[in-house]
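Notes follow the structure.
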There are 2 protein chains.
Amino acid sequence: MSPQEKEIYFNVAISTSLVLFGFDGDKLRILLKKHDKDPYRGAMLLPSQYVKYDEATDKVAKDLLLRHTKEINIYIEQLKAFSKVFRNPLGRVVNISYYGTVKLDDKLVKYSENRGEVWLEYSQIPDLAFDHNDIIDYAKERLKRRVKRRPIGFYLLPEYFTISQLQKLYENALNREMDKRNFRKKIFNSQLIIETELTDNSSSKKFARLYKFDEEKYEKLSLKGYDFLF
Amino acid sequence: MSPQEKEIYFNVAISTSLVLFGFDGDKLRILLKKHDKDPYRGAMLLPSQYVKYDEATDKVAKDLLLRHTKEINIYIEQLKAFSKVFRNPLGRVVNISYYGTVKLDDKLVKYSENRGEVWLEYSQIPDLAFDHNDIIDYAKERLKRRVKRRPIGFYLLPEYFTISQLQKLYENALNREMDKRNFRKKIFNSQLIIETELTDNSSSKKFARLYKFDEEKYEKLSLKGYDFLF
DNA sequence: CCAAAAGTGTTCGGAATACACCCATGA
DNA sequence: TCATGGGTGTATTCCGAACACTTTTGG
């Protein structure tokens with residue numbers, strides 16, 4: 001490649017955005033922030049960051065995750081590149097997007113609030129800056145598929161959860177209602193949750209039993225090539 | 001963004017690569033070419049091209065498709081961005097990869113040969129330049145998933161095909177053998193192929209009936225939200 | 001006459017779906 | 001006492017998997 005060609009081609013910027021899903025026990029939510037710079041000052045958008053020419057995009061996405069959740073051990077995955085020519089008025093910026101799932105508790109909600117960020121309800125995302133609505137739509141589809149194939153539901157729930165919570169999560173992600181009895185049958189059949197002695201009565205007058213995810217068993221099954229299938 | 005920041009960030013190049021799948025009636029194949037420039041002169045690689053700062057990557061991928069097949073009406077789809085820092089010795093180059101499926105006939109094979117390109121067998125891809133082996137691995141996984149959900153098999157076959165050819169294609173893509181009777185049952189059940197009066201005896205002494213894909217019916221079913229499911 | 005691919009049905013088990021009532025409790 | 005969510009079982013249907021023999025015909 002000649003120097004002139006290099007001029008022509010090495011003239012693009014990369015950004016990453018992160019679609020973080022959280023579940024509050026009732027609704028799926030997505031983390032958004034207010035943009036404090038031009039362009040689009042004041043608009044809401046996904047946590048995002050430009051990538052320097054010597055930075056790995058995976059690492060930048062991990063950094064975003066860390067900054068917004070203080071967590072480091074969360075699985076994130078690239079969605080795809082969003083690369084329309086005019087998506088950013090500053091110049092040609094290609095966005096490489098990621099998604100991740102996080103346990104959403106009051107502490108994290110407070111932390112986000114203090115940073116001027118909000119967890120907005122899955123089904124009520126407003127118009128966002130850039131093409132971030134497209135990114136979220138894509139992420140929702142990915143989550144739908146993943147939730148059917150892998151037990152990622154558990155990464156959105158607290159360590160101990162009720163079957164109702166789990167069901168609500170699936171209903172949110174797959175956007176349809178499910179039969180309680182069939183849902184339980186399927187979940188218990190999967191052998192991937194452990195009954196505990198604990199109960200919860202925060203959402204009902206009757207106590208609900210708490211369960212936890214059997215991560216060890218899942219590891220073993222994955223190794224053998226089995227797959228969670230919802 | 002300050003001018004200094006712009007210097008730092010707008011210093012990346014984008015390339016696209018295209019994983020083109022073709023089926024010759026017996027084996028799935030992928031189009032590869034010999035690299036004629038440094039770096040990696042002489043190595044094999046995927047059809048690829050740098051993206052100018054004002055070009056849409058989708059368009060560049062379509063151009064690649066057109067140049068390599070003379071076809072324009074072929075569905076291609078982005079895979080994802082491959083963005084390791086040191087994947088290209090010229091500088092920071094992020095590769096946005098696509099895949100597509102094409103009917104592979106003798107004419108196309110000849111055309112490719114004249115261009116110094118080859119259709120290599122799916123299961124016998126050599127070590128390639130850059131990280132193109134990673135891209136192909138990813139594309140194979142995507143094809144596997146797609147073939148189960150959408151009737152893309154038909155876009156790889158000639159207009160008229162035998163059930164055996166279709167089965168071979170599925171066996172190639174999914175990398176496992178299938179039972180002839182069950183396969184036929186499933187395919188006929190899908191209602192998506194039309195029996196014709198034509199037969200073929202090129203691969204057997206007994207004549208084999210030729211079928212064609214019922215594209216119209218598929219459109220209708222898709223609209224209603226049904227899905228092909230293999 | 002034989003090799004090679006085409007074509008054809010049945011059985012079984014497991015999973016998905018549809019569906020309705022009682023229980024425990026806090027208000 | 002009643003409203004709220006927790007918890008439970010059965011019948012039916014559908015799908016996938018396993019499995020073996022006959023047909024045609026070119027060589």
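Just remember, in the structure tokens the first chain shown is A, the second B, etc., residues are 1-based per chain, and ligands are 1-based in the order shown.
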Please return, as an mmCIF file with C-alpha atoms, in the first residue's frame, all residues of chain A lying within 8 Å of chain C when only C-alpha atoms (C1' of nucleotides) are considered.
```
data_model
loop_
_atom_site.group_PDB
_atom_site.id
_atom_site.type_symbol
_atom_site.label_atom_id
_atom_site.label_comp_id
_atom_site.auth_asym_id
_atom_site.auth_seq_id
_atom_site.Cartn_x
_atom_site.Cartn_y
_atom_site.Cartn_z
ATOM 1 C CA LYS A 205 -48.293 -13.430 50.812
ATOM 2 C CA LYS A 206 -47.385 -17.067 50.529
ATOM 3 C CA PHE A 207 -43.696 -17.881 50.738
#
```
Original post:
Could you list, as a list of chain:residue names, every residue of chain A that has an atom within 12 Å of an atom of chain D, counting only C-alpha atoms (C1' of nucleotides)?
Top reply: A:Thr162, A:Ile163, A:Ser164, A:Gln165, A:Lys180, A:Arg181, A:Asn182, A:Arg184, A:Lys185, A:Thr199, A:Asp200, A:Asn201, A:Ser202, A:Ser203, A:Ser204, A:Lys205, A:Lys206, A:Phe207, A:Ala208, A:Arg209, A:Leu210
Dump as a tab-separated table (two decimals), in the first residue's frame, selection limited to N, CA and C atoms:
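Below is the file result_16.tsv, written as the result:
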```tsv
chain	number	residue	atom	x	y	z
A	162	THR	N	-36.66	-17.04	42.78
A	162	THR	CA	-37.85	-17.89	42.73
A	162	THR	C	-38.12	-18.27	41.28
A	163	ILE	N	-38.90	-19.34	41.14
A	163	ILE	CA	-39.24	-19.77	39.78
A	163	ILE	C	-40.04	-18.69	39.07
A	164	SER	N	-40.86	-17.98	39.80
A	164	SER	CA	-41.65	-16.91	39.17
A	164	SER	C	-40.75	-15.85	38.57
A	165	GLN	N	-39.71	-15.50	39.32
A	165	GLN	CA	-38.78	-14.49	38.79
A	165	GLN	C	-38.15	-14.98	37.50
A	180	LYS	N	-47.38	-21.58	33.62
A	180	LYS	CA	-46.62	-21.80	34.84
A	180	LYS	C	-46.19	-23.25	35.00
A	181	ARG	N	-47.15	-24.16	34.80
A	181	ARG	CA	-46.84	-25.57	35.03
A	181	ARG	C	-45.83	-26.10	34.03
A	182	ASN	N	-46.02	-25.73	32.78
A	182	ASN	CA	-45.08	-26.19	31.76
A	182	ASN	C	-43.69	-25.59	31.97
A	184	ARG	N	-42.30	-24.72	34.81
A	184	ARG	CA	-41.63	-25.42	35.91
A	184	ARG	C	-41.13	-26.78	35.47
A	185	LYS	N	-41.98	-27.48	34.74
A	185	LYS	CA	-41.59	-28.80	34.26
A	185	LYS	C	-40.27	-28.70	33.50
A	199	THR	N	-36.66	-19.19	51.58
A	199	THR	CA	-37.89	-18.73	50.94
A	199	THR	C	-37.89	-17.21	50.87
A	200	ASP	N	-38.83	-16.73	50.11
A	200	ASP	CA	-38.94	-15.30	49.88
A	200	ASP	C	-40.41	-14.94	49.92
A	201	ASN	N	-40.76	-13.86	50.59
A	201	ASN	CA	-42.16	-13.49	50.56
A	201	ASN	C	-42.34	-12.02	50.18
A	202	SER	N	-41.39	-11.49	49.47
A	202	SER	CA	-41.44	-10.08	49.13
A	202	SER	C	-42.51	-9.80	48.07
A	203	SER	N	-42.84	-10.77	47.26
A	203	SER	CA	-43.76	-10.46	46.17
A	203	SER	C	-45.10	-11.19	46.31
A	204	SER	N	-45.27	-11.85	47.42
A	204	SER	CA	-46.51	-12.61	47.58
A	204	SER	C	-46.77	-12.81	49.06
A	205	LYS	N	-47.98	-13.20	49.40
A	205	LYS	CA	-48.29	-13.43	50.81
A	205	LYS	C	-47.83	-14.82	51.23
A	206	LYS	N	-47.91	-15.71	50.28
A	206	LYS	CA	-47.39	-17.07	50.53
A	206	LYS	C	-45.87	-17.03	50.25
A	207	PHE	N	-45.14	-17.85	50.97
A	207	PHE	CA	-43.70	-17.88	50.74
A	207	PHE	C	-43.37	-18.62	49.44
A	208	ALA	N	-42.39	-18.13	48.77
A	208	ALA	CA	-41.94	-18.80	47.55
A	208	ALA	C	-40.55	-19.37	47.79
A	209	ARG	N	-40.36	-20.56	47.30
A	209	ARG	CA	-39.06	-21.20	47.51
A	209	ARG	C	-38.00	-20.56	46.64
A	210	LEU	N	-36.79	-20.47	47.19
A	210	LEU	CA	-35.67	-19.92	46.44
A	210	LEU	C	-34.80	-21.04	45.88
```
Subject >> Residue hits in chain B, query chain A, radius 10 Å, only C-alpha atoms, as a ChimeraX atom specification >> reply: /B:1,5-15,37-39,50-59,78-86,90-97
Original post:
How would you write, as a ChimeraX atom specification, the set of residues in segment 17-113 of chain A that DSSP gives as strand (DSSP E or B)?
Top reply: /A:17-23,28-34,44-45,48-51,76-82,93-103
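Here atom CA of Arg29 of chain A and atom CA of Asp214 of chain A stand 24.7 Å from one another.
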**OP:** Tell me, as a PyMOL selection string, which residues lie within 12 Å of Arg149 of chain A, counting only C-alpha atoms (C1' of nucleotides); anything in the same chain fewer than 5 positions away does not count.
**Re:** (chain A and resi 142-144+190+222+226-230) or (chain B and resi 145)
**OP:** Looking only at helix (DSSP H, G or I) from DSSP on the backbone, list the matching residues of chain A as a PyMOL selection string.
**Re:** chain A and resi 3-9+57-69+106-114+132-149+153-156+163-174+180-189+215-223
Residue subset to file, keeping C-alpha atoms, as a CSV table (one decimal), in the first residue's frame:
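Contents of the output file out09.csv:
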```
chain,number,residue,atom,x,y,z
A,3,PRO,CA,1.6,6.3,1.4
A,4,GLN,CA,-1.1,8.0,-0.6
A,5,GLU,CA,-3.3,5.0,-0.2
A,6,LYS,CA,-2.5,4.9,3.5
A,7,GLU,CA,-3.8,8.4,3.7
A,8,ILE,CA,-7.0,7.4,2.1
A,9,TYR,CA,-7.7,4.3,4.1
A,57,THR,CA,-12.0,-3.5,21.0
A,58,ASP,CA,-12.7,-6.3,23.3
A,59,LYS,CA,-10.7,-4.6,25.9
A,60,VAL,CA,-12.4,-1.3,25.5
A,61,ALA,CA,-15.8,-3.0,25.8
A,62,LYS,CA,-14.5,-4.7,29.0
A,63,ASP,CA,-13.5,-1.3,30.3
A,64,LEU,CA,-16.9,0.0,29.6
A,65,LEU,CA,-18.4,-2.9,31.5
A,66,LEU,CA,-16.1,-2.3,34.5
A,67,ARG,CA,-16.7,1.4,34.6
A,68,HIS,CA,-20.4,0.9,34.6
A,69,THR,CA,-20.8,-2.0,36.9
A,106,ASP,CA,-30.4,-1.6,44.3
A,107,LYS,CA,-26.8,-1.0,44.9
A,108,LEU,CA,-26.0,-1.0,41.2
A,109,VAL,CA,-29.1,1.1,40.4
A,110,LYS,CA,-27.8,3.7,42.9
A,111,TYR,CA,-24.3,3.6,41.5
A,112,SER,CA,-25.6,4.2,38.0
A,113,GLU,CA,-27.8,7.0,39.2
A,114,ASN,CA,-24.9,8.7,40.8
A,132,HIS,CA,-28.1,3.2,19.0
A,133,ASN,CA,-31.7,2.2,18.6
A,134,ASP,CA,-30.6,-0.2,15.9
A,135,ILE,CA,-28.0,-1.6,18.1
A,136,ILE,CA,-30.4,-2.2,20.9
A,137,ASP,CA,-32.9,-3.9,18.5
A,138,TYR,CA,-30.1,-6.2,17.3
A,139,ALA,CA,-29.0,-6.9,20.9
A,140,LYS,CA,-32.6,-7.9,21.9
A,141,GLU,CA,-32.7,-10.4,19.1
A,142,ARG,CA,-29.4,-11.8,20.2
A,143,LEU,CA,-30.6,-12.1,23.7
A,144,LYS,CA,-33.7,-13.9,22.6
A,145,ARG,CA,-31.7,-16.5,20.8
A,146,ARG,CA,-29.2,-16.8,23.6
A,147,VAL,CA,-31.7,-17.2,26.3
A,148,LYS,CA,-33.1,-20.2,24.4
A,149,ARG,CA,-29.7,-21.9,24.0
A,153,GLY,CA,-31.1,-16.2,32.5
A,154,PHE,CA,-29.2,-17.1,35.6
A,155,TYR,CA,-26.6,-14.4,35.0
A,156,LEU,CA,-29.3,-11.8,35.2
A,163,ILE,CA,-39.2,-19.8,39.8
A,164,SER,CA,-41.6,-16.9,39.2
A,165,GLN,CA,-38.8,-14.5,38.8
A,166,LEU,CA,-37.1,-16.8,36.4
A,167,GLN,CA,-40.3,-17.2,34.4
A,168,LYS,CA,-40.8,-13.4,34.3
A,169,LEU,CA,-37.3,-13.0,32.9
A,170,TYR,CA,-38.0,-15.5,30.1
A,171,GLU,CA,-41.3,-13.9,29.4
A,172,ASN,CA,-39.6,-10.5,29.1
A,173,ALA,CA,-36.7,-11.7,26.9
A,174,LEU,CA,-38.9,-13.8,24.6
A,180,LYS,CA,-46.6,-21.8,34.8
A,181,ARG,CA,-46.8,-25.6,35.0
A,182,ASN,CA,-45.1,-26.2,31.8
A,183,PHE,CA,-42.4,-23.7,32.6
A,184,ARG,CA,-41.6,-25.4,35.9
A,185,LYS,CA,-41.6,-28.8,34.3
A,186,LYS,CA,-39.1,-27.7,31.7
A,187,ILE,CA,-36.8,-25.9,34.2
A,188,PHE,CA,-36.8,-28.8,36.7
A,189,ASN,CA,-36.2,-31.2,33.9
A,215,GLU,CA,-23.2,-23.8,37.7
A,216,GLU,CA,-21.0,-26.9,38.2
A,217,LYS,CA,-23.4,-29.2,36.6
A,218,TYR,CA,-23.8,-26.9,33.7
A,219,GLU,CA,-20.0,-26.8,33.2
A,220,LYS,CA,-20.0,-30.6,33.1
A,221,LEU,CA,-22.9,-30.9,30.7
A,222,SER,CA,-21.4,-28.2,28.4
A,223,LEU,CA,-18.2,-30.2,28.3
```
